[in-house]
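As provided, my_file_24.pdb (PDB, N, CA and C atoms) reads as follows.
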ATOM      1  N   MET A  79     -82.635  33.113   2.820
ATOM      2  CA  MET A  79     -82.529  31.937   3.666
ATOM      3  C   MET A  79     -83.324  32.124   4.950
ATOM      4  N   ALA A  80     -83.318  33.345   5.461
ATOM      5  CA  ALA A  80     -84.061  33.619   6.690
ATOM      6  C   ALA A  80     -85.558  33.447   6.463
ATOM      7  N   ALA A  81     -86.002  33.817   5.256
ATOM      8  CA  ALA A  81     -87.431  33.673   4.943
ATOM      9  C   ALA A  81     -87.827  32.196   4.955
ATOM     10  N   PHE A  82     -86.942  31.354   4.447
ATOM     11  CA  PHE A  82     -87.224  29.917   4.458
ATOM     12  C   PHE A  82     -87.305  29.392   5.885
ATOM     13  N   GLY A  83     -86.428  29.876   6.753
ATOM     14  CA  GLY A  83     -86.446  29.463   8.152
ATOM     15  C   GLY A  83     -87.732  29.863   8.845
ATOM     16  N   ARG A  84     -88.185  31.107   8.587
ATOM     17  CA  ARG A  84     -89.455  31.557   9.186
ATOM     18  C   ARG A  84     -90.626  30.759   8.644
ATOM     19  N   PHE A  85     -90.592  30.490   7.331
ATOM     20  CA  PHE A  85     -91.671  29.732   6.706
ATOM     21  C   PHE A  85     -91.753  28.321   7.290
ATOM     22  N   SER A  86     -90.596  27.668   7.490
ATOM     23  CA  SER A  86     -90.612  26.314   8.045
ATOM     24  C   SER A  86     -91.083  26.317   9.496
ATOM     25  N   GLN A  87     -90.746  27.359  10.263
ATOM     26  CA  GLN A  87     -91.221  27.450  11.639
ATOM     27  C   GLN A  87     -92.731  27.624  11.685
ATOM     28  N   VAL A  88     -93.282  28.435  10.769
ATOM     29  CA  VAL A  88     -94.736  28.630  10.711
ATOM     30  C   VAL A  88     -95.422  27.312  10.381
ATOM     31  N   LEU A  89     -94.874  26.571   9.406
ATOM     32  CA  LEU A  89     -95.465  25.266   9.060
ATOM     33  C   LEU A  89     -95.393  24.295  10.229
ATOM     34  N   LEU A  90     -94.268  24.275  10.927
ATOM     35  CA  LEU A  90     -94.110  23.379  12.062
ATOM     36  C   LEU A  90     -95.094  23.722  13.171
ATOM     37  N   ARG A  91     -95.221  25.002  13.472
ATOM     38  CA  ARG A  91     -96.166  25.415  14.513
ATOM     39  C   ARG A  91     -97.592  25.062  14.127
ATOM     40  N   SER A  92     -97.950  25.299  12.860
ATOM     41  CA  SER A  92     -99.326  25.011  12.450
ATOM     42  C   SER A  92     -99.608  23.510  12.515
ATOM     43  N   SER A  93     -98.620  22.682  12.153
ATOM     44  CA  SER A  93     -98.855  21.242  12.214
ATOM     45  C   SER A  93     -98.953  20.769  13.659
ATOM     46  N   LEU A  94     -98.154  21.361  14.565
ATOM     47  CA  LEU A  94     -98.247  20.996  15.977
ATOM     48  C   LEU A  94     -99.594  21.401  16.562
ATOM     49  N   VAL A  95    -100.053  22.588  16.213
ATOM     50  CA  VAL A  95    -101.354  23.046  16.704
ATOM     51  C   VAL A  95    -102.462  22.138  16.181
ATOM     52  N   GLN A  96    -102.366  21.771  14.905
ATOM     53  CA  GLN A  96    -103.384  20.910  14.311
ATOM     54  C   GLN A  96    -103.377  19.534  14.987
ATOM     55  N   THR A  97    -102.201  18.989  15.278
ATOM     56  CA  THR A  97    -102.107  17.694  15.940
ATOM     57  C   THR A  97    -102.714  17.762  17.338
ATOM     58  N   ARG A  98    -102.414  18.833  18.069
ATOM     59  CA  ARG A  98    -102.991  18.992  19.408
ATOM     60  C   ARG A  98    -104.514  19.067  19.348
ATOM     61  N   ARG A  99    -105.028  19.790  18.366
ATOM     62  CA  ARG A  99    -106.492  19.894  18.233
ATOM     63  C   ARG A  99    -107.111  18.534  17.948
ATOM     64  N   GLN A 100    -106.470  17.750  17.069
ATOM     65  CA  GLN A 100    -107.012  16.435  16.733
ATOM     66  C   GLN A 100    -106.982  15.503  17.945
ATOM     67  N   LEU A 101    -105.900  15.552  18.712
ATOM     68  CA  LEU A 101    -105.822  14.705  19.900
ATOM     69  C   LEU A 101    -106.851  15.119  20.947
ATOM     70  N   ALA A 102    -107.055  16.420  21.102
ATOM     71  CA  ALA A 102    -108.049  16.895  22.061
ATOM     72  C   ALA A 102    -109.457  16.503  21.623
ATOM     73  N   ALA A 103    -109.730  16.580  20.332
ATOM     74  CA  ALA A 103    -111.053  16.201  19.825
ATOM     75  C   ALA A 103    -111.294  14.706  20.014
ATOM     76  N   ALA A 104    -110.262  13.906  19.781
ATOM     77  CA  ALA A 104    -110.412  12.464  19.945
ATOM     78  C   ALA A 104    -110.641  12.109  21.410
ATOM     79  N   ALA A 105    -109.960  12.797  22.313
ATOM     80  CA  ALA A 105    -110.145  12.534  23.733
ATOM     81  C   ALA A 105    -111.532  12.947  24.192
ATOM     82  N   ALA A 106    -112.055  14.039  23.651
ATOM     83  CA  ALA A 106    -113.370  14.521  24.043
ATOM     84  C   ALA A 106    -114.482  13.617  23.508
ATOM     85  N   SER A 107    -114.264  13.003  22.355
ATOM     86  CA  SER A 107    -115.326  12.193  21.754
ATOM     87  C   SER A 107    -115.396  10.790  22.336
ATOM     88  N   GLY A 108    -114.379  10.351  23.064
ATOM     89  CA  GLY A 108    -114.390   9.009  23.635
ATOM     90  C   GLY A 108    -114.017   7.941  22.625
ATOM     91  N   HIS A 109    -113.552   8.346  21.460
ATOM     92  CA  HIS A 109    -113.190   7.388  20.420
ATOM     93  C   HIS A 109    -111.997   6.540  20.850
ATOM     94  N   GLY A 110    -111.100   7.092  21.654
ATOM     95  CA  GLY A 110    -109.917   6.362  22.093
ATOM     96  C   GLY A 110    -110.266   5.147  22.937
ATOM     97  N   GLU A 111    -111.271   5.284  23.791
ATOM     98  CA  GLU A 111    -111.673   4.140  24.616
ATOM     99  C   GLU A 111    -112.227   3.009  23.765
ATOM    100  N   GLN A 112    -113.056   3.362  22.794
ATOM    101  CA  GLN A 112    -113.642   2.342  21.927
ATOM    102  C   GLN A 112    -112.560   1.655  21.087
ATOM    103  N   ALA A 113    -111.597   2.441  20.597
ATOM    104  CA  ALA A 113    -110.516   1.854  19.800
ATOM    105  C   ALA A 113    -109.679   0.914  20.659
ATOM    106  N   GLY A 114    -109.433   1.300  21.896
ATOM    107  CA  GLY A 114    -108.670   0.434  22.793
ATOM    108  C   GLY A 114    -109.373  -0.883  23.053
ATOM    109  N   LYS A 115    -110.688  -0.812  23.263
ATOM    110  CA  LYS A 115    -111.463  -2.043  23.487
ATOM    111  C   LYS A 115    -111.442  -2.931  22.249
ATOM    112  N   THR A 116    -111.549  -2.308  21.072
ATOM    113  CA  THR A 116    -111.538  -3.073  19.831
ATOM    114  C   THR A 116    -110.223  -3.817  19.658
ATOM    115  N   TRP A 117    -109.096  -3.139  19.908
ATOM    116  CA  TRP A 117    -107.794  -3.784  19.751
ATOM    117  C   TRP A 117    -107.575  -4.864  20.800
ATOM    118  N   LYS A 118    -108.107  -4.659  21.990
ATOM    119  CA  LYS A 118    -107.979  -5.680  23.029
ATOM    120  C   LYS A 118    -108.742  -6.938  22.622
ATOM    121  N   ILE A 119    -109.947  -6.757  22.119
ATOM    122  CA  ILE A 119    -110.753  -7.900  21.669
ATOM    123  C   ILE A 119    -110.067  -8.606  20.501
ATOM    124  N   LEU A 120    -109.553  -7.824  19.541
ATOM    125  CA  LEU A 120    -108.867  -8.431  18.399
ATOM    126  C   LEU A 120    -107.632  -9.209  18.839
ATOM    127  N   SER A 121    -106.935  -8.702  19.837
ATOM    128  CA  SER A 121    -105.747  -9.401  20.320
ATOM    129  C   SER A 121    -106.103 -10.776  20.870
ATOM    130  N   PHE A 122    -107.175 -10.849  21.654
ATOM    131  CA  PHE A 122    -107.546 -12.121  22.258
ATOM    132  C   PHE A 122    -108.256 -13.057  21.287
ATOM    133  N   VAL A 123    -109.015 -12.510  20.343
ATOM    134  CA  VAL A 123    -109.821 -13.347  19.456
ATOM    135  C   VAL A 123    -109.065 -13.755  18.189
ATOM    136  N   VAL A 124    -108.154 -12.905  17.707
ATOM    137  CA  VAL A 124    -107.471 -13.196  16.447
ATOM    138  C   VAL A 124    -105.991 -13.519  16.666
ATOM    139  N   ALA A 125    -105.280 -12.652  17.395
ATOM    140  CA  ALA A 125    -103.823 -12.801  17.492
ATOM    141  C   ALA A 125    -103.413 -14.033  18.297
ATOM    142  N   LEU A 126    -103.960 -14.220  19.467
ATOM    143  CA  LEU A 126    -103.563 -15.370  20.286
ATOM    144  C   LEU A 126    -103.922 -16.714  19.637
ATOM    145  N   PRO A 127    -105.129 -16.885  19.091
ATOM    146  CA  PRO A 127    -105.381 -18.140  18.375
ATOM    147  C   PRO A 127    -104.479 -18.311  17.150
ATOM    148  N   GLY A 128    -104.132 -17.214  16.494
ATOM    149  CA  GLY A 128    -103.216 -17.290  15.348
ATOM    150  C   GLY A 128    -101.854 -17.801  15.761
ATOM    151  N   VAL A 129    -101.355 -17.311  16.888
ATOM    152  CA  VAL A 129    -100.069 -17.789  17.405
ATOM    153  C   VAL A 129    -100.176 -19.266  17.772
ATOM    154  N   GLY A 130    -101.296 -19.662  18.363
ATOM    155  CA  GLY A 130    -101.496 -21.068  18.721
ATOM    156  C   GLY A 130    -101.507 -21.974  17.499
ATOM    157  N   VAL A 131    -102.171 -21.543  16.420
ATOM    158  CA  VAL A 131    -102.207 -22.337  15.189
ATOM    159  C   VAL A 131    -100.808 -22.449  14.593
ATOM    160  N   CYS A 132    -100.041 -21.366  14.620
ATOM    161  CA  CYS A 132     -98.667 -21.411  14.100
ATOM    162  C   CYS A 132     -97.804 -22.361  14.919
ATOM    163  N   MET A 133     -97.972 -22.354  16.250
ATOM    164  CA  MET A 133     -97.205 -23.265  17.102
ATOM    165  C   MET A 133     -97.572 -24.720  16.813
ATOM    166  N   LEU A 134     -98.863 -24.991  16.650
ATOM    167  CA  LEU A 134     -99.307 -26.344  16.334
ATOM    168  C   LEU A 134     -98.751 -26.801  14.988
ATOM    169  N   ASN A 135     -98.771 -25.917  13.999
ATOM    170  CA  ASN A 135     -98.239 -26.238  12.677
ATOM    171  C   ASN A 135     -96.753 -26.580  12.763
ATOM    172  N   THR A 136     -95.994 -25.791  13.500
ATOM    173  CA  THR A 136     -94.566 -26.049  13.653
ATOM    174  C   THR A 136     -94.319 -27.373  14.360
ATOM    175  N   PHE A 137     -95.076 -27.649  15.394
ATOM    176  CA  PHE A 137     -94.921 -28.899  16.143
ATOM    177  C   PHE A 137     -95.211 -30.104  15.264
ATOM    178  N   LEU A 138     -96.293 -30.049  14.486
ATOM    179  CA  LEU A 138     -96.665 -31.188  13.649
ATOM    180  C   LEU A 138     -95.669 -31.402  12.514
ATOM    181  N   LYS A 139     -95.146 -30.324  11.938
ATOM    182  CA  LYS A 139     -94.164 -30.476  10.859
ATOM    183  C   LYS A 139     -92.828 -30.980  11.389
ATOM    184  N   GLU A 140     -92.483 -30.628  12.615
ATOM    185  CA  GLU A 140     -91.215 -31.075  13.208
ATOM    186  C   GLU A 140     -91.235 -32.572  13.476
ATOM    187  N   LYS A 141     -92.406 -33.160  13.728
ATOM    188  CA  LYS A 141     -92.498 -34.593  13.980
ATOM    189  C   LYS A 141     -92.067 -35.400  12.758
ATOM    190  N   HIS A 142     -92.302 -34.866  11.566
ATOM    191  CA  HIS A 142     -91.992 -35.581  10.333
ATOM    192  C   HIS A 142     -90.620 -35.221   9.773
ATOM    193  N   HIS A 143     -89.879 -34.377  10.465
ATOM    194  CA  HIS A 143     -88.574 -33.917   9.999
ATOM    195  C   HIS A 143     -87.504 -34.916  10.423
ATOM    196  N   SER A 144     -86.607 -35.234   9.506
ATOM    197  CA  SER A 144     -85.541 -36.179   9.857
ATOM    198  C   SER A 144     -84.447 -35.449  10.625
ATOM    199  N   HIS A 145     -83.856 -36.132  11.578
ATOM    200  CA  HIS A 145     -82.823 -35.542  12.417
ATOM    201  C   HIS A 145     -81.470 -36.181  12.152
ATOM    202  N   GLU A 146     -81.214 -36.568  10.922
ATOM    203  CA  GLU A 146     -79.946 -37.193  10.580
ATOM    204  C   GLU A 146     -78.939 -36.123  10.192
ATOM    205  N   GLN A 147     -77.666 -36.412  10.473
ATOM    206  CA  GLN A 147     -76.620 -35.474  10.082
ATOM    207  C   GLN A 147     -76.411 -35.553   8.577
ATOM    208  N   PRO A 148     -76.246 -34.412   7.945
ATOM    209  CA  PRO A 148     -75.935 -34.467   6.515
ATOM    210  C   PRO A 148     -74.516 -35.008   6.303
ATOM    211  N   GLU A 149     -74.269 -35.509   5.124
ATOM    212  CA  GLU A 149     -72.948 -36.059   4.821
ATOM    213  C   GLU A 149     -71.895 -34.947   4.885
ATOM    214  N   PHE A 150     -70.750 -35.253   5.475
ATOM    215  CA  PHE A 150     -69.676 -34.260   5.571
ATOM    216  C   PHE A 150     -68.867 -34.253   4.286
ATOM    217  N   ILE A 151     -68.776 -33.083   3.671
ATOM    218  CA  ILE A 151     -67.947 -32.906   2.482
ATOM    219  C   ILE A 151     -66.908 -31.841   2.834
ATOM    220  N   PRO A 152     -65.631 -32.187   2.830
ATOM    221  CA  PRO A 152     -64.597 -31.227   3.267
ATOM    222  C   PRO A 152     -64.258 -30.198   2.186
ATOM    223  N   TYR A 153     -65.119 -29.241   1.969
ATOM    224  CA  TYR A 153     -64.829 -28.174   1.015
ATOM    225  C   TYR A 153     -63.661 -27.338   1.545
ATOM    226  N   PRO A 154     -62.707 -26.982   0.688
ATOM    227  CA  PRO A 154     -61.525 -26.266   1.187
ATOM    228  C   PRO A 154     -61.807 -24.823   1.613
ATOM    229  N   HIS A 155     -62.899 -24.230   1.152
ATOM    230  CA  HIS A 155     -63.180 -22.824   1.488
ATOM    231  C   HIS A 155     -64.044 -22.671   2.744
ATOM    232  N   LEU A 156     -64.474 -23.776   3.332
ATOM    233  CA  LEU A 156     -65.284 -23.716   4.548
ATOM    234  C   LEU A 156     -64.465 -24.138   5.760
ATOM    235  N   ARG A 157     -64.875 -23.655   6.931
ATOM    236  CA  ARG A 157     -64.263 -24.019   8.216
ATOM    237  C   ARG A 157     -62.753 -23.767   8.237
ATOM    238  N   ILE A 158     -62.338 -22.625   7.722
ATOM    239  CA  ILE A 158     -60.922 -22.239   7.735
ATOM    240  C   ILE A 158     -60.594 -21.711   9.124
ATOM    241  N   ARG A 159     -59.560 -22.231   9.736
ATOM    242  CA  ARG A 159     -59.138 -21.786  11.063
ATOM    243  C   ARG A 159     -57.734 -21.192  10.934
ATOM    244  N   SER A 160     -57.651 -19.890  10.680
ATOM    245  CA  SER A 160     -56.338 -19.244  10.596
ATOM    246  C   SER A 160     -55.841 -18.849  11.981
ATOM    247  N   LYS A 161     -56.747 -18.761  12.941
ATOM    248  CA  LYS A 161     -56.388 -18.409  14.311
ATOM    249  C   LYS A 161     -57.324 -19.159  15.251
ATOM    250  N   ARG A 162     -56.826 -19.583  16.385
ATOM    251  CA  ARG A 162     -57.646 -20.338  17.336
ATOM    252  C   ARG A 162     -58.684 -19.421  17.975
ATOM    253  N   PHE A 163     -59.853 -19.973  18.301
ATOM    254  CA  PHE A 163     -60.856 -19.214  19.034
ATOM    255  C   PHE A 163     -60.384 -19.013  20.470
ATOM    256  N   PRO A 164     -60.700 -17.879  21.095
ATOM    257  CA  PRO A 164     -60.184 -17.623  22.453
ATOM    258  C   PRO A 164     -60.939 -18.348  23.556
ATOM    259  N   TRP A 165     -61.798 -19.299  23.248
ATOM    260  CA  TRP A 165     -62.550 -20.031  24.272
ATOM    261  C   TRP A 165     -62.433 -21.527  24.005
ATOM    262  N   GLY A 166     -62.638 -22.299  25.040
ATOM    263  CA  GLY A 166     -62.645 -23.760  24.926
ATOM    264  C   GLY A 166     -61.335 -24.296  24.384
ATOM    265  N   ASP A 167     -61.445 -25.262  23.471
ATOM    266  CA  ASP A 167     -60.245 -25.863  22.893
ATOM    267  C   ASP A 167     -59.703 -25.062  21.713
ATOM    268  N   GLY A 168     -60.389 -23.990  21.325
ATOM    269  CA  GLY A 168     -59.924 -23.130  20.243
ATOM    270  C   GLY A 168     -60.348 -23.575  18.869
ATOM    271  N   ASN A 169     -61.033 -24.691  18.773
ATOM    272  CA  ASN A 169     -61.436 -25.226  17.472
ATOM    273  C   ASN A 169     -62.935 -25.110  17.228
ATOM    274  N   LYS A 170     -63.695 -24.889  18.277
ATOM    275  CA  LYS A 170     -65.155 -24.818  18.155
ATOM    276  C   LYS A 170     -65.620 -23.368  18.224
ATOM    277  N   THR A 171     -66.642 -23.056  17.433
ATOM    278  CA  THR A 171     -67.200 -21.712  17.463
ATOM    279  C   THR A 171     -67.915 -21.476  18.789
ATOM    280  N   LEU A 172     -68.291 -20.239  19.046
ATOM    281  CA  LEU A 172     -68.909 -19.907  20.328
ATOM    282  C   LEU A 172     -70.237 -20.643  20.516
ATOM    283  N   PHE A 173     -71.031 -20.765  19.479
ATOM    284  CA  PHE A 173     -72.327 -21.438  19.569
ATOM    285  C   PHE A 173     -72.262 -22.782  18.847
ATOM    286  N   HIS A 174     -71.241 -23.567  19.144
ATOM    287  CA  HIS A 174     -71.020 -24.840  18.469
ATOM    288  C   HIS A 174     -72.067 -25.864  18.888
ATOM    289  N   ASN A 175     -72.609 -26.564  17.912
ATOM    290  CA  ASN A 175     -73.551 -27.653  18.137
ATOM    291  C   ASN A 175     -72.957 -28.874  17.459
ATOM    292  N   SER A 176     -72.561 -29.858  18.228
ATOM    293  CA  SER A 176     -71.832 -31.006  17.672
ATOM    294  C   SER A 176     -72.678 -31.831  16.700
ATOM    295  N   HIS A 177     -73.981 -31.728  16.768
ATOM    296  CA  HIS A 177     -74.843 -32.484  15.852
ATOM    297  C   HIS A 177     -74.961 -31.791  14.496
ATOM    298  N   VAL A 178     -74.896 -30.467  14.480
ATOM    299  CA  VAL A 178     -75.141 -29.707  13.256
ATOM    300  C   VAL A 178     -73.861 -29.116  12.666
ATOM    301  N   ASN A 179     -72.938 -28.666  13.512
ATOM    302  CA  ASN A 179     -71.750 -27.965  13.046
ATOM    303  C   ASN A 179     -70.533 -28.882  13.056
ATOM    304  N   PRO A 180     -70.004 -29.226  11.879
ATOM    305  CA  PRO A 180     -68.803 -30.063  11.858
ATOM    306  C   PRO A 180     -67.552 -29.238  12.133
ATOM    307  N   LEU A 181     -66.517 -29.909  12.587
ATOM    308  CA  LEU A 181     -65.194 -29.302  12.733
ATOM    309  C   LEU A 181     -64.495 -29.399  11.380
ATOM    310  N   PRO A 182     -63.331 -28.797  11.212
ATOM    311  CA  PRO A 182     -62.657 -28.861   9.901
ATOM    312  C   PRO A 182     -62.393 -30.279   9.402
ATOM    313  N   ASP A 183     -62.254 -31.251  10.303
ATOM    314  CA  ASP A 183     -61.987 -32.623   9.864
ATOM    315  C   ASP A 183     -63.219 -33.529   9.914
ATOM    316  N   GLY A 184     -64.402 -32.995  10.185
ATOM    317  CA  GLY A 184     -65.627 -33.792  10.179
ATOM    318  C   GLY A 184     -66.425 -33.613  11.459
ATOM    319  N   TYR A 185     -67.494 -34.385  11.552
ATOM    320  CA  TYR A 185     -68.341 -34.323  12.749
ATOM    321  C   TYR A 185     -67.637 -34.973  13.929
ATOM    322  N   GLU A 186     -67.964 -34.515  15.121
ATOM    323  CA  GLU A 186     -67.379 -35.091  16.319
ATOM    324  C   GLU A 186     -67.930 -36.502  16.549
ATOM    325  N   GLY A 187     -67.078 -37.412  16.931
ATOM    326  CA  GLY A 187     -67.506 -38.770  17.231
ATOM    327  C   GLY A 187     -67.629 -39.662  16.018
ATOM    328  N   HIS A 188     -67.376 -39.166  14.826
ATOM    329  CA  HIS A 188     -67.429 -39.990  13.605
ATOM    330  C   HIS A 188     -66.041 -40.071  13.004
ATOM    331  N   GLU A 189     -65.315 -41.088  13.360
ATOM    332  CA  GLU A 189     -63.932 -41.227  12.874
ATOM    333  C   GLU A 189     -63.896 -42.128  11.670
TER     334      GLU A 189
END
Full structure transcribed into structure tokens:
Amino acid sequence: MAAFGRFSQVLLRSSLVQTRRQLAAAAASGHGEQAGKTWKILSFVVALPGVGVCMLNTFLKEKHHSHEQPEFIPYPHLRIRSKRFPWGDGNKTLFHNSHVNPLPDGYEGHE
């Protein structure tokens, strides 16, 4: 077992030495500066316009989306309240949205 421990320490030391040599060689060659410039250019030329196109796509698709409430169907296994919530009136979840989340007896304001 001791031989395995020594062997693993030798491998670890050799890999650390090799990593240090590679980092020192990269720093001496100036490759890091060029790589940094390349990624900076790619960020501004590819990533930011890509995010802009995704935002535009989402905005345009949202314009055609209907904002009607779905029909309320009182399934017995959903919206079970065995204990009151410790906030508000005790019937609404913490992130309750009256347009999207119905209460156990239906949507608010629709009697």
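If you look at CA of Arg157 (chain A) and atom C of His145 (chain A), they are 21.4 Å away from each other.
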Which residues come within 12 Å of region 176-188 of chain A, counting only C-alpha atoms, excluding same-chain residues fewer than 6 positions away, as a PDB file with N, CA and C atoms, keeping the file's coordinate frame?
ATOM      1  N   HIS A 145     -83.856 -36.132  11.578  1.00  0.00           N
ATOM      2  CA  HIS A 145     -82.823 -35.542  12.417  1.00  0.00           C
ATOM      3  C   HIS A 145     -81.470 -36.181  12.152  1.00  0.00           C
ATOM      4  N   GLU A 146     -81.214 -36.568  10.922  1.00  0.00           N
ATOM      5  CA  GLU A 146     -79.946 -37.193  10.580  1.00  0.00           C
ATOM      6  C   GLU A 146     -78.939 -36.123  10.192  1.00  0.00           C
ATOM      7  N   GLN A 147     -77.666 -36.412  10.473  1.00  0.00           N
ATOM      8  CA  GLN A 147     -76.620 -35.474  10.082  1.00  0.00           C
ATOM      9  C   GLN A 147     -76.411 -35.553   8.577  1.00  0.00           C
ATOM     10  N   PRO A 148     -76.246 -34.412   7.945  1.00  0.00           N
ATOM     11  CA  PRO A 148     -75.935 -34.467   6.515  1.00  0.00           C
ATOM     12  C   PRO A 148     -74.516 -35.008   6.303  1.00  0.00           C
ATOM     13  N   GLU A 149     -74.269 -35.509   5.124  1.00  0.00           N
ATOM     14  CA  GLU A 149     -72.948 -36.059   4.821  1.00  0.00           C
ATOM     15  C   GLU A 149     -71.895 -34.947   4.885  1.00  0.00           C
ATOM     16  N   PHE A 150     -70.750 -35.253   5.475  1.00  0.00           N
ATOM     17  CA  PHE A 150     -69.676 -34.260   5.571  1.00  0.00           C
ATOM     18  C   PHE A 150     -68.867 -34.253   4.286  1.00  0.00           C
ATOM     19  N   ILE A 151     -68.776 -33.083   3.671  1.00  0.00           N
ATOM     20  CA  ILE A 151     -67.947 -32.906   2.482  1.00  0.00           C
ATOM     21  C   ILE A 151     -66.908 -31.841   2.834  1.00  0.00           C
ATOM     22  N   PRO A 152     -65.631 -32.187   2.830  1.00  0.00           N
ATOM     23  CA  PRO A 152     -64.597 -31.227   3.267  1.00  0.00           C
ATOM     24  C   PRO A 152     -64.258 -30.198   2.186  1.00  0.00           C
ATOM     25  N   TYR A 153     -65.119 -29.241   1.969  1.00  0.00           N
ATOM     26  CA  TYR A 153     -64.829 -28.174   1.015  1.00  0.00           C
ATOM     27  C   TYR A 153     -63.661 -27.338   1.545  1.00  0.00           C
ATOM     28  N   PRO A 154     -62.707 -26.982   0.688  1.00  0.00           N
ATOM     29  CA  PRO A 154     -61.525 -26.266   1.187  1.00  0.00           C
ATOM     30  C   PRO A 154     -61.807 -24.823   1.613  1.00  0.00           C
ATOM     31  N   HIS A 155     -62.899 -24.230   1.152  1.00  0.00           N
ATOM     32  CA  HIS A 155     -63.180 -22.824   1.488  1.00  0.00           C
ATOM     33  C   HIS A 155     -64.044 -22.671   2.744  1.00  0.00           C
ATOM     34  N   LEU A 156     -64.474 -23.776   3.332  1.00  0.00           N
ATOM     35  CA  LEU A 156     -65.284 -23.716   4.548  1.00  0.00           C
ATOM     36  C   LEU A 156     -64.465 -24.138   5.760  1.00  0.00           C
ATOM     37  N   ARG A 157     -64.875 -23.655   6.931  1.00  0.00           N
ATOM     38  CA  ARG A 157     -64.263 -24.019   8.216  1.00  0.00           C
ATOM     39  C   ARG A 157     -62.753 -23.767   8.237  1.00  0.00           C
ATOM     40  N   ILE A 158     -62.338 -22.625   7.722  1.00  0.00           N
ATOM     41  CA  ILE A 158     -60.922 -22.239   7.735  1.00  0.00           C
ATOM     42  C   ILE A 158     -60.594 -21.711   9.124  1.00  0.00           C
ATOM     43  N   ARG A 159     -59.560 -22.231   9.736  1.00  0.00           N
ATOM     44  CA  ARG A 159     -59.138 -21.786  11.063  1.00  0.00           C
ATOM     45  C   ARG A 159     -57.734 -21.192  10.934  1.00  0.00           C
ATOM     46  N   SER A 160     -57.651 -19.890  10.680  1.00  0.00           N
ATOM     47  CA  SER A 160     -56.338 -19.244  10.596  1.00  0.00           C
ATOM     48  C   SER A 160     -55.841 -18.849  11.981  1.00  0.00           C
ATOM     49  N   ASP A 167     -61.445 -25.262  23.471  1.00  0.00           N
ATOM     50  CA  ASP A 167     -60.245 -25.863  22.893  1.00  0.00           C
ATOM     51  C   ASP A 167     -59.703 -25.062  21.713  1.00  0.00           C
ATOM     52  N   GLY A 168     -60.389 -23.990  21.325  1.00  0.00           N
ATOM     53  CA  GLY A 168     -59.924 -23.130  20.243  1.00  0.00           C
ATOM     54  C   GLY A 168     -60.348 -23.575  18.869  1.00  0.00           C
ATOM     55  N   ASN A 169     -61.033 -24.691  18.773  1.00  0.00           N
ATOM     56  CA  ASN A 169     -61.436 -25.226  17.472  1.00  0.00           C
ATOM     57  C   ASN A 169     -62.935 -25.110  17.228  1.00  0.00           C
ATOM     58  N   LYS A 170     -63.695 -24.889  18.277  1.00  0.00           N
ATOM     59  CA  LYS A 170     -65.155 -24.818  18.155  1.00  0.00           C
ATOM     60  C   LYS A 170     -65.620 -23.368  18.224  1.00  0.00           C
TER      61      LYS A 170
END
Helix (DSSP H, G or I) per DSSP on the backbone: members of region 114-176 of chain A, as a list of chain:residue names: A:Gly114, A:Lys115, A:Thr116, A:Trp117, A:Lys118, A:Ile119, A:Leu120, A:Ser121, A:Phe122, A:Val123, A:Val124, A:Ala125, A:Leu126, A:Pro127, A:Gly128, A:Val129, A:Gly130, A:Val131, A:Cys132, A:Met133, A:Leu134, A:Asn135, A:Thr136, A:Phe137, A:Leu138, A:Lys139, A:Glu140, A:Lys141
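The space between CA of Leu101 (chain A) and CA of Ala113 (chain A) spans 13.7 Å.
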